[in-house]
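Chemist: Sharing data32.pdb (PDB, C-alpha atoms, pLDDT in the B column) below.
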```pdb
ATOM      1  CA  MET A   1     122.313 186.108  62.325  1.00 45.00           C
ATOM      2  CA  ARG A   2     121.067 185.497  65.811  1.00 46.00           C
ATOM      3  CA  GLY A   3     117.678 184.610  64.387  1.00 45.00           C
ATOM      4  CA  LEU A   4     119.155 181.919  62.160  1.00 38.00           C
ATOM      5  CA  VAL A   5     121.101 180.401  65.034  1.00 38.00           C
ATOM      6  CA  PHE A   6     117.965 180.253  67.168  1.00 38.00           C
ATOM      7  CA  VAL A   7     115.910 178.639  64.447  1.00 38.00           C
ATOM      8  CA  GLY A   8     118.686 176.107  63.755  1.00 42.00           C
ATOM      9  CA  ALA A   9     118.961 175.157  67.400  1.00 41.00           C
ATOM     10  CA  LEU A  10     115.219 174.776  67.682  1.00 38.00           C
ATOM     11  CA  GLY A  11     115.156 172.495  64.624  1.00 41.00           C
ATOM     12  CA  LEU A  12     117.917 170.310  66.004  1.00 36.00           C
ATOM     13  CA  GLY A  13     116.079 170.042  69.315  1.00 43.00           C
ATOM     14  CA  LEU A  14     112.914 168.907  67.610  1.00 37.00           C
ATOM     15  CA  LEU A  15     114.835 166.430  65.510  1.00 34.00           C
ATOM     16  CA  TRP A  16     116.600 165.018  68.586  1.00 38.00           C
ATOM     17  CA  GLY A  17     113.295 164.679  70.477  1.00 43.00           C
ATOM     18  CA  ALA A  18     111.698 162.881  67.559  1.00 42.00           C
ATOM     19  CA  GLY A  19     114.683 160.562  67.284  1.00 42.00           C
ATOM     20  CA  CYS A  20     114.401 159.547  70.938  1.00 35.00           C
ATOM     21  CA  ALA A  21     110.718 158.842  70.566  1.00 38.00           C
ATOM     22  CA  VAL A  22     111.297 156.622  67.518  1.00 37.00           C
ATOM     23  CA  GLY A  23     114.183 154.813  69.154  1.00 39.00           C
ATOM     24  CA  ILE A  24     112.192 153.464  72.162  1.00 41.00           C
ATOM     25  CA  THR A  25     111.237 149.800  71.577  1.00 42.00           C
ATOM     26  CA  GLY A  26     110.209 147.063  74.033  1.00 45.00           C
ATOM     27  CA  ASP A  27     109.568 149.521  76.880  1.00 47.00           C
ATOM     28  CA  PRO A  28     106.207 150.027  78.563  1.00 43.00           C
ATOM     29  CA  THR A  29     104.135 152.747  76.833  1.00 44.00           C
ATOM     30  CA  GLU A  30     101.215 154.519  78.373  1.00 46.00           C
ATOM     31  CA  ASP A  31      97.775 153.900  76.866  1.00 47.00           C
ATOM     32  CA  ASP A  32      95.988 156.805  75.245  1.00 48.00           C
ATOM     33  CA  ASP A  33      93.566 156.942  78.150  1.00 50.00           C
ATOM     34  CA  GLY A  34      96.343 157.076  80.701  1.00 49.00           C
ATOM     35  CA  GLY A  35      95.738 153.512  81.955  1.00 50.00           C
ATOM     36  CA  THR A  36      98.172 150.800  82.973  1.00 48.00           C
ATOM     37  CA  PRO A  37     101.284 150.513  80.788  1.00 47.00           C
ATOM     38  CA  THR A  38     101.304 147.657  78.303  1.00 46.00           C
ATOM     39  CA  VAL A  39     104.194 145.164  78.526  1.00 44.00           C
ATOM     40  CA  ASP A  40     105.880 144.064  75.319  1.00 49.00           C
ATOM     41  CA  GLY A  41     104.634 140.561  74.394  1.00 45.00           C
ATOM     42  CA  SER A  42     108.040 139.449  73.144  1.00 44.00           C
ATOM     43  CA  ALA A  43     108.998 138.207  76.635  1.00 44.00           C
ATOM     44  CA  SER A  44     108.295 134.436  77.074  1.00 45.00           C
ATOM     45  CA  ALA A  45     106.432 133.092  80.125  1.00 48.00           C
ATOM     46  CA  THR A  46     107.311 129.714  81.679  1.00 51.00           C
ATOM     47  CA  THR A  47     105.347 126.977  83.431  1.00 48.00           C
ATOM     48  CA  THR A  48     106.926 125.316  86.455  1.00 51.00           C
ATOM     49  CA  ARG A  49     106.275 121.564  86.699  1.00 54.00           C
ATOM     50  CA  PRO A  50     105.797 119.705  90.034  1.00 50.00           C
ATOM     51  CA  ASP A  51     109.335 118.305  89.721  1.00 53.00           C
ATOM     52  CA  GLY A  52     110.840 121.814  89.611  1.00 55.00           C
ATOM     53  CA  SER A  53     111.626 121.947  85.881  1.00 53.00           C
ATOM     54  CA  SER A  54     110.126 124.585  83.623  1.00 53.00           C
ATOM     55  CA  SER A  55     108.883 124.878  80.048  1.00 50.00           C
ATOM     56  CA  PRO A  56     107.639 127.739  77.822  1.00 51.00           C
ATOM     57  CA  GLN A  57     103.988 128.618  78.188  1.00 50.00           C
ATOM     58  CA  ASP A  58     101.820 129.807  75.308  1.00 48.00           C
ATOM     59  CA  ALA A  59     100.139 133.142  75.680  1.00 46.00           C
ATOM     60  CA  THR A  60      96.679 131.714  75.049  1.00 48.00           C
ATOM     61  CA  PRO A  61      95.180 129.742  78.000  1.00 47.00           C
ATOM     62  CA  GLU A  62      93.752 126.946  75.818  1.00 50.00           C
ATOM     63  CA  ALA A  63      97.230 126.097  74.529  1.00 50.00           C
ATOM     64  CA  GLN A  64      98.672 125.554  78.005  1.00 52.00           C
ATOM     65  CA  PRO A  65      99.379 121.930  79.044  1.00 46.00           C
ATOM     66  CA  PRO A  66      96.861 120.492  81.533  1.00 48.00           C
ATOM     67  CA  ALA A  67      97.841 120.383  85.154  1.00 47.00           C
ATOM     68  CA  ASP A  68      99.042 117.057  86.535  1.00 44.00           C
ATOM     69  CA  VAL A  69      96.134 114.977  87.873  1.00 41.00           C
ATOM     70  CA  ILE A  70      96.630 112.387  90.582  1.00 39.00           C
ATOM     71  CA  VAL A  71      94.025 109.608  90.279  1.00 38.00           C
ATOM     72  CA  PRO A  72      93.341 107.826  93.580  1.00 35.00           C
ATOM     73  CA  PRO A  73      93.333 104.004  93.502  1.00 35.00           C
ATOM     74  CA  LEU A  74      89.981 102.311  93.042  1.00 33.00           C
ATOM     75  CA  ASP A  75      88.260 101.029  96.153  1.00 30.00           C
ATOM     76  CA  SER A  76      88.800  97.271  96.220  1.00 30.00           C
ATOM     77  CA  GLY A  77      85.591  96.785  98.159  1.00 31.00           C
ATOM     78  CA  GLY A  78      87.400  94.913 100.895  1.00 34.00           C
ATOM     79  CA  ASP A  79      86.908  95.517 104.589  1.00 40.00           C
ATOM     80  CA  SER A  80      89.927  96.204 106.747  1.00 38.00           C
ATOM     81  CA  GLY A  81      88.197  94.366 109.592  1.00 46.00           C
ATOM     82  CA  GLY A  82      87.855  91.180 107.545  1.00 58.00           C
ATOM     83  CA  CYS A  83      84.041  91.354 107.342  1.00 83.00           C
ATOM     84  CA  SER A  84      83.516  89.791 103.934  1.00 80.00           C
ATOM     85  CA  GLY A  85      80.230  88.149 104.930  1.00 81.00           C
ATOM     86  CA  GLY A  86      81.491  84.729 103.819  1.00 92.00           C
ATOM     87  CA  LEU A  87      80.401  81.676 105.816  1.00 97.00           C
ATOM     88  CA  VAL A  88      81.312  77.984 105.626  1.00 98.00           C
ATOM     89  CA  ILE A  89      79.615  74.687 106.364  1.00 98.00           C
ATOM     90  CA  ASN A  90      81.870  73.518 109.166  1.00 98.00           C
ATOM     91  CA  GLU A  91      80.378  70.163 110.123  1.00 98.00           C
ATOM     92  CA  VAL A  92      77.679  67.731 108.953  1.00 98.00           C
ATOM     93  CA  GLN A  93      76.231  64.890 111.028  1.00 97.00           C
ATOM     94  CA  THR A  94      73.836  62.531 109.253  1.00 96.00           C
ATOM     95  CA  GLU A  95      72.720  60.320 112.199  1.00 95.00           C
ATOM     96  CA  SER A  96      73.463  59.466 115.791  1.00 94.00           C
ATOM     97  CA  ALA A  97      74.076  56.125 117.448  1.00 93.00           C
ATOM     98  CA  THR A  98      70.448  55.991 118.620  1.00 93.00           C
ATOM     99  CA  ASN A  99      68.453  57.730 115.899  1.00 94.00           C
ATOM    100  CA  ALA A 100      68.847  57.925 112.115  1.00 93.00           C
ATOM    101  CA  ASN A 101      67.110  61.319 112.127  1.00 93.00           C
ATOM    102  CA  HIS A 102      69.565  62.976 114.484  1.00 95.00           C
ATOM    103  CA  GLU A 103      71.112  65.265 111.884  1.00 97.00           C
ATOM    104  CA  PHE A 104      72.687  68.695 112.005  1.00 98.00           C
ATOM    105  CA  VAL A 105      74.599  71.139 109.806  1.00 98.00           C
ATOM    106  CA  GLU A 106      76.950  73.537 111.570  1.00 98.00           C
ATOM    107  CA  ILE A 107      77.688  76.915 109.934  1.00 98.00           C
ATOM    108  CA  TYR A 108      80.822  78.783 110.995  1.00 98.00           C
ATOM    109  CA  ASN A 109      81.529  82.513 110.680  1.00 97.00           C
ATOM    110  CA  PRO A 110      85.278  83.223 110.239  1.00 95.00           C
ATOM    111  CA  ASN A 111      84.688  87.003 110.073  1.00 94.00           C
ATOM    112  CA  THR A 112      85.090  89.668 112.748  1.00 94.00           C
ATOM    113  CA  CYS A 113      81.495  90.823 112.202  1.00 96.00           C
ATOM    114  CA  ASP A 114      78.120  89.153 112.729  1.00 96.00           C
ATOM    115  CA  VAL A 115      76.468  87.849 109.561  1.00 97.00           C
ATOM    116  CA  PRO A 116      72.643  87.884 109.321  1.00 97.00           C
ATOM    117  CA  LEU A 117      71.053  84.746 107.864  1.00 98.00           C
ATOM    118  CA  GLU A 118      67.682  86.120 106.814  1.00 97.00           C
ATOM    119  CA  GLY A 119      66.845  84.629 103.425  1.00 98.00           C
ATOM    120  CA  TRP A 120      69.853  82.295 103.425  1.00 98.00           C
ATOM    121  CA  THR A 121      69.141  78.619 102.677  1.00 98.00           C
ATOM    122  CA  LEU A 122      70.557  75.145 103.120  1.00 98.00           C
ATOM    123  CA  LYS A 123      69.943  72.780 100.221  1.00 98.00           C
ATOM    124  CA  TYR A 124      70.437  69.047  99.770  1.00 98.00           C
ATOM    125  CA  SER A 125      71.179  66.941  96.705  1.00 98.00           C
ATOM    126  CA  ALA A 126      71.496  63.164  96.571  1.00 98.00           C
ATOM    127  CA  ALA A 127      74.738  61.487  95.534  1.00 98.00           C
ATOM    128  CA  SER A 128      73.170  60.942  92.095  1.00 98.00           C
ATOM    129  CA  GLY A 129      72.951  64.724  91.582  1.00 98.00           C
ATOM    130  CA  SER A 130      69.230  65.296  92.072  1.00 97.00           C
ATOM    131  CA  THR A 131      67.932  68.861  91.822  1.00 98.00           C
ATOM    132  CA  PRO A 132      68.864  70.549  95.127  1.00 98.00           C
ATOM    133  CA  SER A 133      65.928  70.962  97.514  1.00 98.00           C
ATOM    134  CA  THR A 134      65.743  73.565 100.302  1.00 98.00           C
ATOM    135  CA  PHE A 135      65.362  72.186 103.813  1.00 98.00           C
ATOM    136  CA  PHE A 136      66.157  75.352 105.825  1.00 98.00           C
ATOM    137  CA  THR A 137      65.569  79.079 105.267  1.00 98.00           C
ATOM    138  CA  GLY A 138      66.976  81.698 107.644  1.00 98.00           C
ATOM    139  CA  LEU A 139      64.676  84.123 109.472  1.00 98.00           C
ATOM    140  CA  ALA A 140      65.180  87.779 110.378  1.00 98.00           C
ATOM    141  CA  SER A 141      66.148  86.698 113.917  1.00 98.00           C
ATOM    142  CA  HIS A 142      68.904  84.373 112.707  1.00 98.00           C
ATOM    143  CA  LYS A 143      72.536  85.464 112.540  1.00 97.00           C
ATOM    144  CA  VAL A 144      75.970  83.911 112.982  1.00 98.00           C
ATOM    145  CA  LEU A 145      78.060  85.807 115.517  1.00 97.00           C
ATOM    146  CA  ALA A 146      81.622  86.806 114.680  1.00 96.00           C
ATOM    147  CA  LYS A 147      83.880  83.756 114.991  1.00 96.00           C
ATOM    148  CA  GLY A 148      80.774  81.866 116.074  1.00 97.00           C
ATOM    149  CA  TYR A 149      78.706  78.803 115.165  1.00 98.00           C
ATOM    150  CA  PHE A 150      75.120  78.326 114.067  1.00 98.00           C
ATOM    151  CA  VAL A 151      73.763  74.769 114.359  1.00 98.00           C
ATOM    152  CA  VAL A 152      70.754  73.870 112.227  1.00 98.00           C
ATOM    153  CA  ALA A 153      69.423  70.487 113.418  1.00 98.00           C
ATOM    154  CA  CYS A 154      66.410  68.286 112.795  1.00 96.00           C
ATOM    155  CA  ASP A 155      63.524  69.256 115.031  1.00 94.00           C
ATOM    156  CA  ASP A 156      63.430  66.030 117.072  1.00 91.00           C
ATOM    157  CA  TYR A 157      67.139  66.073 117.891  1.00 94.00           C
ATOM    158  CA  THR A 158      66.706  67.315 121.449  1.00 92.00           C
ATOM    159  CA  THR A 159      70.104  66.399 122.862  1.00 92.00           C
ATOM    160  CA  VAL A 160      72.044  68.970 120.859  1.00 94.00           C
ATOM    161  CA  ALA A 161      72.065  72.741 121.391  1.00 96.00           C
ATOM    162  CA  LYS A 162      70.674  74.167 118.156  1.00 96.00           C
ATOM    163  CA  SER A 163      70.140  77.637 116.722  1.00 98.00           C
ATOM    164  CA  ALA A 164      67.402  76.636 114.261  1.00 98.00           C
ATOM    165  CA  THR A 165      65.569  73.491 113.157  1.00 97.00           C
ATOM    166  CA  TYR A 166      64.310  71.678 110.059  1.00 97.00           C
ATOM    167  CA  PRO A 167      62.088  68.595 109.549  1.00 94.00           C
ATOM    168  CA  ALA A 168      63.958  65.362 110.264  1.00 86.00           C
ATOM    169  CA  GLY A 169      65.226  62.885 107.710  1.00 89.00           C
ATOM    170  CA  GLN A 170      66.794  65.238 105.139  1.00 95.00           C
ATOM    171  CA  LEU A 171      70.346  63.866 104.792  1.00 97.00           C
ATOM    172  CA  ALA A 172      71.461  60.469 103.531  1.00 97.00           C
ATOM    173  CA  ALA A 173      73.638  58.681 106.068  1.00 96.00           C
ATOM    174  CA  GLU A 174      76.619  57.753 103.866  1.00 96.00           C
ATOM    175  CA  ASN A 175      76.553  59.692 100.579  1.00 98.00           C
ATOM    176  CA  GLY A 176      75.081  63.157  99.948  1.00 98.00           C
ATOM    177  CA  GLN A 177      75.651  66.835  99.190  1.00 98.00           C
ATOM    178  CA  VAL A 178      74.787  69.960 101.192  1.00 98.00           C
ATOM    179  CA  GLY A 179      75.008  73.565  99.981  1.00 98.00           C
ATOM    180  CA  LEU A 180      74.771  76.976 101.689  1.00 98.00           C
ATOM    181  CA  PHE A 181      73.198  79.789  99.640  1.00 98.00           C
ATOM    182  CA  ASN A 182      72.908  83.496 100.471  1.00 97.00           C
ATOM    183  CA  LYS A 183      69.784  85.635 100.222  1.00 96.00           C
ATOM    184  CA  ILE A 184      70.214  86.185  96.476  1.00 97.00           C
ATOM    185  CA  ASP A 185      70.454  82.411  96.011  1.00 97.00           C
ATOM    186  CA  ALA A 186      74.162  82.391  95.196  1.00 97.00           C
ATOM    187  CA  GLN A 187      76.105  79.381  96.455  1.00 97.00           C
ATOM    188  CA  VAL A 188      78.460  80.396  99.262  1.00 97.00           C
ATOM    189  CA  ASP A 189      79.764  76.980 100.286  1.00 98.00           C
ATOM    190  CA  ALA A 190      79.107  73.268  99.673  1.00 98.00           C
ATOM    191  CA  VAL A 191      80.219  69.856 100.863  1.00 98.00           C
ATOM    192  CA  GLY A 192      79.749  66.465  99.280  1.00 98.00           C
ATOM    193  CA  TYR A 193      80.479  63.370 101.406  1.00 98.00           C
ATOM    194  CA  GLY A 194      80.845  59.716 100.514  1.00 98.00           C
ATOM    195  CA  SER A 195      80.556  58.432  96.955  1.00 98.00           C
ATOM    196  CA  ILE A 196      79.186  61.142  94.637  1.00 98.00           C
ATOM    197  CA  THR A 197      78.234  60.141  91.101  1.00 98.00           C
ATOM    198  CA  MET A 198      77.137  63.603  89.939  1.00 98.00           C
ATOM    199  CA  LYS A 199      78.435  66.744  91.610  1.00 98.00           C
ATOM    200  CA  ARG A 200      75.754  69.308  92.381  1.00 98.00           C
ATOM    201  CA  LEU A 201      76.835  70.626  95.773  1.00 98.00           C
ATOM    202  CA  THR A 202      80.420  69.389  96.006  1.00 98.00           C
ATOM    203  CA  GLU A 203      83.638  71.428  95.922  1.00 98.00           C
ATOM    204  CA  GLY A 204      86.532  69.594  94.303  1.00 98.00           C
ATOM    205  CA  ASN A 205      86.490  65.959  95.351  1.00 98.00           C
ATOM    206  CA  ALA A 206      83.965  64.694  97.891  1.00 98.00           C
ATOM    207  CA  ALA A 207      84.874  64.300 101.549  1.00 98.00           C
ATOM    208  CA  THR A 208      84.990  60.886 103.165  1.00 97.00           C
ATOM    209  CA  THR A 209      81.763  59.272 104.365  1.00 97.00           C
ATOM    210  CA  PRO A 210      80.954  59.976 108.046  1.00 96.00           C
ATOM    211  CA  GLY A 211      81.227  56.284 108.906  1.00 94.00           C
ATOM    212  CA  ALA A 212      79.643  54.472 111.830  1.00 93.00           C
ATOM    213  CA  PRO A 213      77.870  56.836 114.268  1.00 94.00           C
ATOM    214  CA  PRO A 214      78.488  58.807 116.292  1.00 91.00           C
ATOM    215  CA  ARG A 215      80.551  60.371 113.509  1.00 93.00           C
ATOM    216  CA  SER A 216      80.407  63.506 111.369  1.00 97.00           C
ATOM    217  CA  VAL A 217      82.398  65.086 108.550  1.00 98.00           C
ATOM    218  CA  GLN A 218      84.069  68.253 109.772  1.00 97.00           C
ATOM    219  CA  ARG A 219      86.610  70.817 108.619  1.00 96.00           C
ATOM    220  CA  THR A 220      90.138  70.434 109.893  1.00 94.00           C
ATOM    221  CA  PRO A 221      91.480  72.834 110.974  1.00 94.00           C
ATOM    222  CA  ASN A 222      88.396  74.694 112.061  1.00 92.00           C
ATOM    223  CA  GLY A 223      86.979  76.865 109.249  1.00 93.00           C
ATOM    224  CA  ALA A 224      89.650  75.849 106.688  1.00 92.00           C
ATOM    225  CA  ASP A 225      88.460  76.144 103.081  1.00 96.00           C
ATOM    226  CA  THR A 226      90.567  75.229 100.047  1.00 97.00           C
ATOM    227  CA  ASN A 227      87.441  74.559  97.945  1.00 97.00           C
ATOM    228  CA  ASN A 228      88.280  70.860  97.908  1.00 98.00           C
ATOM    229  CA  ASN A 229      86.067  68.843 100.289  1.00 98.00           C
ATOM    230  CA  GLN A 230      88.419  65.867 100.268  1.00 98.00           C
ATOM    231  CA  VAL A 231      91.231  68.052 101.606  1.00 97.00           C
ATOM    232  CA  ASP A 232      89.185  70.158 104.030  1.00 98.00           C
ATOM    233  CA  PHE A 233      87.052  67.493 105.739  1.00 98.00           C
ATOM    234  CA  ARG A 234      87.603  64.353 107.781  1.00 97.00           C
ATOM    235  CA  ALA A 235      85.376  61.957 109.737  1.00 97.00           C
ATOM    236  CA  ALA A 236      85.532  62.475 113.502  1.00 96.00           C
ATOM    237  CA  THR A 237      83.506  62.541 116.693  1.00 95.00           C
ATOM    238  CA  PRO A 238      80.800  65.260 116.387  1.00 96.00           C
ATOM    239  CA  SER A 239      81.537  68.606 118.066  1.00 95.00           C
ATOM    240  CA  PRO A 240      78.537  70.899 117.441  1.00 96.00           C
ATOM    241  CA  ASN A 241      78.829  74.539 118.592  1.00 96.00           C
ATOM    242  CA  GLY A 242      82.588  74.333 118.986  1.00 93.00           C
ATOM    243  CA  PRO A 243      85.876  73.926 117.148  1.00 92.00           C
ATOM    244  CA  THR A 244      86.267  70.722 115.193  1.00 84.00           C
ATOM    245  CA  LEU A 245      88.288  68.016 116.944  1.00 73.00           C
TER     246      LEU A 245
END
```
Represent the structure of the file as structure tokens.

Modeler:
Amino acid sequence: MRGLVFVGALGLGLLWGAGCAVGITGDPTEDDDGGTPTVDGSASATTTRPDGSSSPQDATPEAQPPADVIVPPLDSGGDSGGCSGGLVINEVQTESATNANHEFVEIYNPNTCDVPLEGWTLKYSAASGSTPSTFFTGLASHKVLAKGYFVVACDDYTTVAKSATYPAGQLAAENGQVGLFNKIDAQVDAVGYGSITMKRLTEGNAATTPGAPPRSVQRTPNGADTNNNQVDFRAATPSPNGPTL
């Protein structure tokens, strides 16, 4: 009798142990090699967004949403110091009271940096719109200082302080067109004065004629540029190497 009781108890013990083993689900189980326990994959992971919200995350890395990417703004190419390299023709004199060849073209630099003039050119076209011809080309030593002036005058005009020269007799006294071109031959600025029948180097409407010498056409106020010569220029007493009067 005792033997039957012992065998019955042993059987119940084995049955209870097997039942406990079968009943364990979702808990970590030890690998056969005794390694790190494996976590049940039924638990869902979440991804936290930058704004603090969360969303379910797939188990496979390739299915996860890409991280937020902040794209910086494109560089506008501008210069915070205002150094665009742009220049303007500020004043044009076509003759003096004593000599028809006393001409000059004043270039003004509105920037806060110096602008080199190597390879830059001044070109002239008649009122009839003839093909522009170059009468001045800048050298490596030529530059327009920041907020400064650069006077290009005919070579026999000795009574004016000049930065560079060109052969005399290039500009018509009453009606003509002058253009400033950079070293890649792109037009930077232009002024037509008097009566222009075909615009080659004129912005908008032509400026007034200089009138009886000593007169010039000059920007008012100094350096102003609306791309309309009639608005930007007036006839006044010449003021080379200084603000227009």

Chemist: I'd like the residues picked by the PyMOL selection byres ((chain A and resi 197-200) around 6) written out as number ranges by chain, using the chain letters and numbers from the file.

Modeler: A: 127-129, 196, 201-202

Chemist: Enter the distance from CA of Cys83 (chain A) to CA of Tyr108 (chain A), in Å, rounded to one decimal.

Modeler: 13.5 Å

Chemist: CA of Pro214 (chain A) to CA of Ala236 (chain A): how many Å, to one decimal?

Modeler: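 Separating CA of Pro214 (chain A) from CA of Ala236 (chain A) is a distance of 8.4 Å.
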
Chemist: Could you tell me, as number ranges by chain, exactly which residues end up selected when the PyMOL selection byres ((chain A and resi 208-212) around 7) is applied to this structure?

Modeler: A: 174-175, 193-194, 206-207, 213-217, 230, 234-235

Chemist: Skip region 158-172 of chain A itself and residues of its chain fewer than 2 positions away, then list as a PyMOL selection string all residues within 9 Å of it, counting only C-alpha atoms.

Modeler: chain A and resi 93-95+100-104+124-127+135-138+142+149-156+174-178+240-241

Chemist: For the selection just defined, write its residues with C-alpha atoms to a file, as a PDB file, keeping the file's coordinate frame.

Modeler:
```
ATOM      1  CA  GLN A  93      76.231  64.890 111.028  1.00 97.00           C
ATOM      2  CA  THR A  94      73.836  62.531 109.253  1.00 96.00           C
ATOM      3  CA  GLU A  95      72.720  60.320 112.199  1.00 95.00           C
ATOM      4  CA  ALA A 100      68.847  57.925 112.115  1.00 93.00           C
ATOM      5  CA  ASN A 101      67.110  61.319 112.127  1.00 93.00           C
ATOM      6  CA  HIS A 102      69.565  62.976 114.484  1.00 95.00           C
ATOM      7  CA  GLU A 103      71.112  65.265 111.884  1.00 97.00           C
ATOM      8  CA  PHE A 104      72.687  68.695 112.005  1.00 98.00           C
ATOM      9  CA  TYR A 124      70.437  69.047  99.770  1.00 98.00           C
ATOM     10  CA  SER A 125      71.179  66.941  96.705  1.00 98.00           C
ATOM     11  CA  ALA A 126      71.496  63.164  96.571  1.00 98.00           C
ATOM     12  CA  ALA A 127      74.738  61.487  95.534  1.00 98.00           C
ATOM     13  CA  PHE A 135      65.362  72.186 103.813  1.00 98.00           C
ATOM     14  CA  PHE A 136      66.157  75.352 105.825  1.00 98.00           C
ATOM     15  CA  THR A 137      65.569  79.079 105.267  1.00 98.00           C
ATOM     16  CA  GLY A 138      66.976  81.698 107.644  1.00 98.00           C
ATOM     17  CA  HIS A 142      68.904  84.373 112.707  1.00 98.00           C
ATOM     18  CA  TYR A 149      78.706  78.803 115.165  1.00 98.00           C
ATOM     19  CA  PHE A 150      75.120  78.326 114.067  1.00 98.00           C
ATOM     20  CA  VAL A 151      73.763  74.769 114.359  1.00 98.00           C
ATOM     21  CA  VAL A 152      70.754  73.870 112.227  1.00 98.00           C
ATOM     22  CA  ALA A 153      69.423  70.487 113.418  1.00 98.00           C
ATOM     23  CA  CYS A 154      66.410  68.286 112.795  1.00 96.00           C
ATOM     24  CA  ASP A 155      63.524  69.256 115.031  1.00 94.00           C
ATOM     25  CA  ASP A 156      63.430  66.030 117.072  1.00 91.00           C
ATOM     26  CA  GLU A 174      76.619  57.753 103.866  1.00 96.00           C
ATOM     27  CA  ASN A 175      76.553  59.692 100.579  1.00 98.00           C
ATOM     28  CA  GLY A 176      75.081  63.157  99.948  1.00 98.00           C
ATOM     29  CA  GLN A 177      75.651  66.835  99.190  1.00 98.00           C
ATOM     30  CA  VAL A 178      74.787  69.960 101.192  1.00 98.00           C
ATOM     31  CA  PRO A 240      78.537  70.899 117.441  1.00 96.00           C
ATOM     32  CA  ASN A 241      78.829  74.539 118.592  1.00 96.00           C
TER      33      ASN A 241
END
```

Chemist: Kindly indicate which residue among A:Val191, A:Asn227, A:Thr220, A:Tyr157 lies nearest to Thr98 (chain A), using all atoms listed in the file for the distances.

Modeler: A:Tyr157

Chemist: Could you check the closest approach to Trp120 (chain A) for each of A:Ile107, A:Leu139, A:Val92, A:Leu145 and tell me which residue wins, using all atoms listed in the file?

Modeler: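 Checking each of A:Ile107, A:Leu139, A:Val92, A:Leu145 against Trp120 (chain A), counting all atoms listed in the file, the winner is A:Leu139.
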
Chemist: When distances are computed from all atoms listed in the file, which of A:Gly204, A:Gly179, A:Gly192, A:Pro238 shows the smallest separation from Pro132 (chain A)?

Modeler: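 Closest to Pro132 (chain A) of all the choices is A:Gly179.
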
Chemist: Report, in Å with one decimal, the straight-line distance from CA of Glu118 (chain A) to CA of Leu87 (chain A).

Modeler: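 One can read the CA of Glu118 (chain A) to CA of Leu87 (chain A) distance as 13.5 Å.
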
Chemist: Let me make sure I understand: among A:Ala186, A:Val144, A:Ala173, A:Val231, which one has the smallest atom-to-atom distance to Cys113 (chain A) if we use only C-alpha atoms?

Modeler: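 For Cys113 (chain A), the nearest of the candidates is A:Val144.
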
Chemist: How would region 139-152 of chain A read, as a CSV table (one decimal), in the coordinates of the input, once N, CA and C atoms are built in?

Modeler:
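Written file, out_3.csv:
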```
chain,number,residue,atom,x,y,z
A,139,LEU,N,65.7,83.1,109.1
A,139,LEU,CA,64.7,84.1,109.5
A,139,LEU,C,65.4,85.4,109.8
A,140,ALA,N,64.6,86.5,110.0
A,140,ALA,CA,65.2,87.8,110.4
A,140,ALA,C,65.9,87.7,111.7
A,141,SER,N,65.5,86.8,112.6
A,141,SER,CA,66.1,86.7,113.9
A,141,SER,C,67.4,85.9,113.9
A,142,HIS,N,67.7,85.3,112.8
A,142,HIS,CA,68.9,84.4,112.7
A,142,HIS,C,70.2,85.1,112.3
A,143,LYS,N,71.2,84.9,113.0
A,143,LYS,CA,72.5,85.5,112.5
A,143,LYS,C,73.6,84.6,113.1
A,144,VAL,N,74.8,84.6,112.5
A,144,VAL,CA,76.0,83.9,113.0
A,144,VAL,C,76.9,84.9,113.6
A,145,LEU,N,77.2,84.8,114.9
A,145,LEU,CA,78.1,85.8,115.5
A,145,LEU,C,79.5,85.7,115.0
A,146,ALA,N,80.2,86.8,115.1
A,146,ALA,CA,81.6,86.8,114.7
A,146,ALA,C,82.4,85.7,115.3
A,147,LYS,N,83.1,84.9,114.5
A,147,LYS,CA,83.9,83.8,115.0
A,147,LYS,C,83.0,82.7,115.7
A,148,GLY,N,81.7,82.7,115.4
A,148,GLY,CA,80.8,81.9,116.1
A,148,GLY,C,80.2,80.8,115.2
A,149,TYR,N,79.3,80.0,115.8
A,149,TYR,CA,78.7,78.8,115.2
A,149,TYR,C,77.2,78.9,115.2
A,150,PHE,N,76.6,78.3,114.2
A,150,PHE,CA,75.1,78.3,114.1
A,150,PHE,C,74.7,76.9,113.7
A,151,VAL,N,74.1,76.2,114.6
A,151,VAL,CA,73.8,74.8,114.4
A,151,VAL,C,72.3,74.7,113.9
A,152,VAL,N,72.1,74.1,112.7
A,152,VAL,CA,70.8,73.9,112.2
A,152,VAL,C,70.5,72.4,112.3
```
